[in-house]
$ cat model.cif   # mmCIF, C-alpha atoms and all ligand atoms
data_query
#
loop_
_atom_site.label_atom_id
_atom_site.label_comp_id
_atom_site.auth_asym_id
_atom_site.auth_seq_id
_atom_site.Cartn_x
_atom_site.Cartn_y
_atom_site.Cartn_z
CA MET A 1 49.67 -44.21 145.91
CA ILE A 2 50.80 -47.09 143.78
CA ASP A 3 54.21 -48.68 144.05
CA CYS A 4 55.02 -50.02 140.58
CA HIS A 5 58.26 -51.74 141.46
CA CYS A 6 58.89 -53.65 144.65
CA HIS A 7 60.72 -56.79 145.74
CA ILE A 8 58.40 -57.51 148.62
CA LEU A 9 57.69 -61.19 147.89
CA PRO A 10 59.62 -63.32 150.38
CA GLY A 11 62.33 -65.75 149.39
CA LEU A 12 62.17 -65.35 145.63
CA ASP A 13 64.93 -62.99 144.55
CA ASP A 14 67.31 -60.67 146.39
CA GLY A 15 64.36 -58.91 148.00
CA CYS A 16 62.70 -59.77 151.31
CA ARG A 17 64.03 -63.04 152.67
CA THR A 18 61.23 -63.95 155.03
CA GLU A 19 57.53 -63.31 155.40
CA LYS A 20 58.36 -61.30 158.50
CA GLU A 21 60.46 -58.91 156.43
CA SER A 22 57.72 -58.66 153.81
CA ILE A 23 55.16 -57.77 156.44
CA ALA A 24 57.46 -55.17 157.98
CA MET A 25 58.01 -53.59 154.57
CA ALA A 26 54.29 -53.67 153.83
CA ARG A 27 53.71 -51.67 157.01
CA GLN A 28 56.36 -49.15 155.95
CA LEU A 29 54.73 -48.73 152.55
CA VAL A 30 51.31 -48.20 154.08
CA THR A 31 52.72 -45.64 156.50
CA ALA A 32 54.33 -43.84 153.57
CA GLY A 33 50.94 -43.66 151.87
CA PHE A 34 50.89 -46.58 149.47
CA SER A 35 47.76 -48.64 149.04
CA ARG A 36 48.71 -50.78 146.07
CA VAL A 37 51.94 -52.55 145.19
CA PHE A 38 53.02 -54.40 142.10
CA CYS A 39 55.26 -57.21 143.28
CA THR A 40 58.10 -57.36 140.79
CA PRO A 41 60.78 -59.93 141.54
CA HIS A 42 63.78 -59.95 139.23
CA CYS A 43 63.50 -62.14 136.18
CA ILE A 44 67.08 -63.04 135.30
CA THR A 45 67.74 -66.26 133.42
CA GLY A 46 70.07 -68.54 135.33
CA LEU A 47 69.78 -66.51 138.53
CA TYR A 48 66.14 -65.78 139.25
CA ASP A 49 64.03 -68.10 137.12
CA PHE A 50 60.42 -67.86 138.23
CA SER A 51 57.29 -68.77 136.38
CA GLY A 52 54.26 -66.54 136.38
CA GLU A 53 52.49 -69.20 138.43
CA GLN A 54 55.12 -68.99 141.16
CA VAL A 55 54.78 -65.23 141.36
CA SER A 56 50.99 -65.44 141.45
CA ALA A 57 51.11 -68.03 144.22
CA ALA A 58 53.58 -65.93 146.23
CA VAL A 59 51.39 -62.84 145.83
CA ALA A 60 48.28 -64.73 146.96
CA ALA A 61 50.08 -66.17 149.99
CA LEU A 62 51.49 -62.83 151.11
CA GLN A 63 48.19 -61.07 150.51
CA GLN A 64 46.50 -63.57 152.78
CA GLN A 65 49.05 -62.86 155.45
CA LEU A 66 48.66 -59.08 155.12
CA ASP A 67 44.89 -59.41 155.32
CA ARG A 68 45.26 -61.49 158.46
CA GLU A 69 47.47 -58.80 159.97
CA GLY A 70 45.01 -56.09 158.97
CA ILE A 71 47.50 -54.32 156.69
CA ALA A 72 45.63 -52.41 154.01
CA LEU A 73 47.88 -53.05 151.08
CA GLN A 74 46.68 -54.53 147.81
CA LEU A 75 49.29 -56.72 146.15
CA GLU A 76 49.43 -57.42 142.44
CA THR A 77 51.65 -59.55 140.27
CA GLY A 78 54.53 -58.45 138.10
CA MET A 79 58.17 -59.02 137.23
CA GLU A 80 61.23 -56.95 136.58
CA TYR A 81 62.67 -58.30 133.36
CA TYR A 82 66.41 -58.10 132.78
CA LEU A 83 67.49 -56.90 129.38
CA ASP A 84 70.09 -59.49 128.45
CA ASP A 85 70.51 -62.06 125.68
CA PHE A 86 67.66 -64.15 127.12
CA PHE A 87 65.18 -61.30 127.24
CA LEU A 88 63.37 -62.13 124.02
CA GLY A 89 62.89 -65.74 125.11
CA ARG A 90 61.31 -64.55 128.35
CA LEU A 91 58.82 -62.52 126.36
CA GLU A 92 57.21 -65.71 125.08
CA HIS A 93 55.25 -65.90 128.33
CA PRO A 94 55.36 -62.35 129.63
CA MET A 95 54.03 -61.30 132.99
CA PRO A 96 52.93 -57.66 132.87
CA LEU A 97 52.06 -55.55 135.90
CA GLY A 98 48.82 -56.95 137.29
CA LYS A 99 45.99 -56.68 134.82
CA THR A 100 47.65 -53.88 132.88
CA ASN A 101 49.60 -54.31 129.67
CA LEU A 102 52.69 -52.69 131.20
CA LEU A 103 55.90 -54.67 131.13
CA LEU A 104 58.62 -53.57 133.55
CA PHE A 105 62.19 -54.14 132.44
CA GLU A 106 65.62 -52.98 133.49
CA LEU A 107 68.96 -52.46 131.82
CA PRO A 108 71.83 -54.28 133.52
CA SER A 109 74.29 -51.77 134.98
CA SER A 110 76.84 -53.00 132.45
CA GLY A 111 74.20 -53.08 129.72
CA ASP A 112 74.36 -51.45 126.34
CA VAL A 113 71.85 -48.71 125.58
CA ARG A 114 71.88 -49.86 121.96
CA MET A 115 69.78 -52.82 123.09
CA LEU A 116 66.96 -50.50 124.12
CA PRO A 117 65.29 -49.70 120.76
CA GLN A 118 64.97 -53.36 119.80
CA ALA A 119 63.70 -54.32 123.25
CA VAL A 120 61.05 -51.62 123.16
CA CYS A 121 60.04 -52.69 119.67
CA GLU A 122 59.74 -56.37 120.67
CA ILE A 123 57.67 -55.56 123.75
CA LYS A 124 55.32 -53.41 121.71
CA LYS A 125 55.00 -56.12 119.05
CA ARG A 126 53.44 -58.31 121.72
CA GLY A 127 50.80 -55.72 122.48
CA LEU A 128 52.52 -54.62 125.69
CA LYS A 129 53.71 -51.23 126.83
CA PRO A 130 57.36 -51.09 127.92
CA VAL A 131 58.23 -49.47 131.24
CA LEU A 132 61.93 -48.90 131.81
CA ALA A 133 62.85 -49.25 135.48
CA HIS A 134 64.90 -46.51 137.16
CA PRO A 135 66.60 -45.03 134.07
CA GLU A 136 68.11 -42.32 136.28
CA ARG A 137 70.29 -44.90 137.97
CA PHE A 138 71.57 -46.43 134.76
CA PHE A 139 72.19 -43.18 132.96
CA ALA A 140 73.59 -41.32 135.97
CA GLY A 141 76.94 -42.95 135.46
CA LYS A 142 76.97 -42.06 131.78
CA LEU A 143 75.86 -38.47 132.19
CA GLN A 144 78.43 -35.95 133.30
CA LEU A 145 76.08 -33.53 134.97
CA THR A 146 77.94 -31.19 137.28
CA VAL A 147 76.32 -29.29 140.10
CA VAL A 148 76.75 -26.07 138.10
CA ASP A 149 75.09 -27.65 135.03
CA PHE A 150 72.28 -28.87 137.16
CA VAL A 151 71.64 -25.56 138.91
CA GLN A 152 71.73 -23.73 135.58
CA ARG A 153 69.27 -26.15 134.05
CA TRP A 154 67.03 -26.05 137.06
CA LEU A 155 66.92 -22.27 137.12
CA THR A 156 66.64 -21.57 133.42
CA ARG A 157 64.26 -24.40 132.54
CA HIS A 158 66.49 -24.85 129.55
CA PRO A 159 65.39 -27.42 126.95
CA ALA A 160 66.16 -30.98 127.84
CA ASP A 161 69.40 -31.04 125.89
CA LEU A 162 71.31 -32.46 128.79
CA LEU A 163 69.13 -35.51 128.97
CA PRO A 164 70.71 -38.61 127.51
CA VAL A 165 69.85 -38.87 123.82
CA ALA A 166 69.26 -42.62 124.05
CA LEU A 167 66.72 -42.01 126.76
CA ARG A 168 64.86 -39.35 124.83
CA ASP A 169 64.83 -41.63 121.78
CA VAL A 170 63.38 -44.53 123.70
CA VAL A 171 60.66 -42.33 125.17
CA ASP A 172 59.85 -41.09 121.67
CA GLN A 173 59.56 -44.73 120.67
CA GLY A 174 56.80 -45.20 123.25
CA CYS A 175 58.66 -46.45 126.30
CA LEU A 176 57.46 -45.26 129.70
CA LEU A 177 59.87 -44.46 132.51
CA GLN A 178 59.61 -45.49 136.14
CA ALA A 179 61.38 -43.46 138.80
CA ASP A 180 62.90 -45.02 141.90
CA LEU A 181 61.86 -43.05 144.96
CA GLY A 182 65.28 -43.52 146.49
CA SER A 183 66.82 -41.63 143.60
CA PHE A 184 65.16 -38.42 144.78
CA ASN A 185 66.58 -38.53 148.25
CA GLY A 186 70.08 -39.52 147.27
CA VAL A 187 70.07 -43.23 148.09
CA TYR A 188 71.76 -43.93 144.75
CA GLY A 189 74.13 -41.00 144.77
CA ALA A 190 74.22 -37.39 143.66
CA ASN A 191 74.22 -38.06 139.90
CA ALA A 192 71.16 -40.27 140.04
CA ARG A 193 69.46 -37.66 142.18
CA ARG A 194 70.20 -34.85 139.75
CA LEU A 195 69.08 -36.87 136.77
CA ALA A 196 65.89 -37.98 138.53
CA MET A 197 65.04 -34.38 139.32
CA LEU A 198 65.80 -33.36 135.76
CA LEU A 199 63.63 -36.11 134.30
CA GLN A 200 60.84 -35.22 136.66
CA GLN A 201 61.20 -31.56 135.81
CA HIS A 202 60.66 -32.48 132.18
CA GLY A 203 57.65 -34.66 132.96
CA MET A 204 59.30 -37.77 131.63
CA TYR A 205 58.32 -40.21 134.33
CA ALA A 206 55.13 -42.20 134.02
CA CYS A 207 55.18 -43.91 137.40
CA ILE A 208 57.21 -44.47 140.53
CA GLY A 209 58.40 -47.43 142.52
CA SER A 210 60.01 -47.93 145.87
CA ASP A 211 62.20 -50.72 144.46
CA GLY A 212 62.25 -51.82 148.09
CA HIS A 213 64.22 -54.98 148.81
CA ASN A 214 64.04 -55.18 152.61
CA PRO A 215 62.82 -53.07 155.54
CA ARG A 216 66.23 -51.54 156.24
CA GLN A 217 66.68 -50.32 152.71
CA ALA A 218 63.02 -49.27 152.49
CA GLU A 219 63.53 -47.07 155.51
CA ARG A 220 66.21 -45.12 153.66
CA ILE A 221 64.10 -44.94 150.51
CA LEU A 222 61.01 -43.72 152.30
CA ARG A 223 62.69 -41.62 154.97
CA ASP A 224 62.15 -38.34 153.18
CA ASN A 225 58.48 -38.11 152.46
CA TYR A 226 59.01 -34.73 150.89
CA TRP A 227 59.40 -36.38 147.51
CA LEU A 228 56.28 -38.44 147.93
CA VAL A 229 54.29 -35.32 148.63
CA GLU A 230 56.01 -33.38 145.87
CA LEU A 231 55.38 -36.08 143.31
CA GLY A 232 51.79 -36.40 144.41
CA CYS A 233 51.24 -32.65 144.12
CA GLN A 234 52.64 -32.54 140.63
CA ARG A 235 50.33 -35.23 139.40
CA ASP A 236 48.32 -33.04 137.12
CA ARG A 237 51.24 -31.03 135.93
CA LYS A 238 54.63 -32.27 134.93
CA PHE A 239 54.57 -35.60 136.61
CA SER A 240 52.28 -37.65 134.45
CA CYS A 241 52.00 -40.60 136.77
CA GLY A 242 48.93 -39.42 138.54
CA ALA A 243 47.24 -38.81 141.77
CA ASP A 244 47.92 -42.19 143.08
CA VAL A 245 51.51 -41.52 142.07
CA GLY A 246 51.08 -44.54 139.96
CA LEU A 247 49.37 -45.27 136.77
CA LYS A 248 46.63 -42.75 136.32
CA GLY A 249 46.05 -42.19 132.65
CA ILE A 250 47.95 -45.30 131.73
CA VAL A 251 45.83 -48.14 133.04
FE FE B 301 64.16 -53.71 141.17
#
$ encode --input "model.cif" --output "structure tokens" --more "lines below"
Ligand SMILES: [Fe+2]
Amino acid sequence: MIDCHCHILPGLDDGCRTEKESIAMARQLVTAGFSRVFCTPHCITGLYDFSGEQVSAAVAALQQQLDREGIALQLETGMEYYLDDFFLGRLEHPMPLGKTNLLLFELPSSGDVRMLPQAVCEIKKRGLKPVLAHPERFFAGKLQLTVVDFVQRWLTRHPADLLPVALRDVVDQGCLLQADLGSFNGVYGANARRLAMLLQQHGMYACIGSDGHNPRQAERILRDNYWLVELGCQRDRKFSCGADVGLKGIV
């Protein structure tokens, strides 16, 4: 499986603080079934300002360490871009996921969904494919989806009219969606869980990520492997992300 979103690089952002933590998390990911990880530190102007060269160097250093430890995990470069007023400036020297043309970006929790269409358009203008990180977490707070609504929708396979319109629009525009694994087992609350299941049910996710920040949090994210198996099994059906629960069909 491929982890498309992970803060495993040590000492860069709010992810792993030390190499020891990174190695511990790498072991957890391998145990969970991952073989490839895109290392995606936050890219937030004024808070986490890293160049592509810094990320590449950090990936190479950690990879060397993992190889030395005999941990079979392939690391690749990436960033998680923050959709704020500085976003367009950061696109001048974009760092996509590894050798793909996928650009991972996130909406700040206080962000405005009206920024999405322009962001998607600007990313595409540069020949890149936008991947919106964990939309279920952002939209969960905006979507009043009760348990009754959810059960009804789940049972009736009703059209996706409860999905946020802004999200459907952005997908129509060509934006891919990345699911956080923790959303499926309730790490981010009941609303995020319901929305994640709904989006998955409608085949709207293109890839998944652990969004792991440290071994303790990763343990909670990966504790219920049911979702990993479920997502893997659905690869050729509704879940478009593929066998490697990653980027099949995209890369
Ligand atoms: Fe993240």
$ residues_near_ligand --input "model.cif" --ligand "ligand FE 301 (chain B)" --cutoff "12 Å" --atoms "all atoms listed in the file" --output "PyMOL selection string"
chain A and resi 3-9+13-16+38-44+78-82+104-108+132-135+137+178-182+208-214
$ closest_residue --input "model.cif" --among "A:Thr45, A:Gln118, A:Ser56, A:Ser22" --to "Glu69 (chain A)" --atoms "all atoms listed in the file"
A:Ser22
$ axis_aligned_box --input "model.cif" --around "region 187-201 of chain A" --padding-each-side "4 Å" --output "AutoDock Vina command-line options"
--center_x 67.5 --center_y -37.7 --center_z 141.2 --size_x 21.4 --size_y 20.4 --size_z 21.8
$ residues_around --input "model.cif" --residues "Pro215 (chain A)" --least-positions-apart "4" --cutoff "9 Å" --atoms "all atoms listed in the file" --output "ChimeraX atom specification"
/A:16,21-22,24-26,28,219-220
$ closest_residue --input "model.cif" --among "A:Leu103, A:Glu19, A:Met1, A:Gly189" --to "Pro130 (chain A)" --atoms "only C-alpha atoms"
A:Leu103
$ closest_residue --input "model.cif" --among "A:Gly70, A:Phe50, A:Glu76, A:Gln201" --to "Arg27 (chain A)" --atoms "only C-alpha atoms"
A:Gly70
$ atom_distance --input "model.cif" --atom1 "CA of Gly186 (chain A)" --atom2 "CA of Asp224 (chain A)"
10.0 Å
$ residues_around --input "model.cif" --residues "region 160-175 of chain A" --least-positions-apart "6" --cutoff "12 Å" --atoms "all atoms listed in the file" --output "VMD selection string"
chain A and resid 102 to 107 112 to 125 128 to 136 138 to 146 149 to 150 152 to 154 194 to 207
$ closest_residue --input "model.cif" --among "A:Leu62, A:Val187, A:Ala192, A:Leu88" --to "Thr18 (chain A)" --atoms "only C-alpha atoms"
A:Leu62
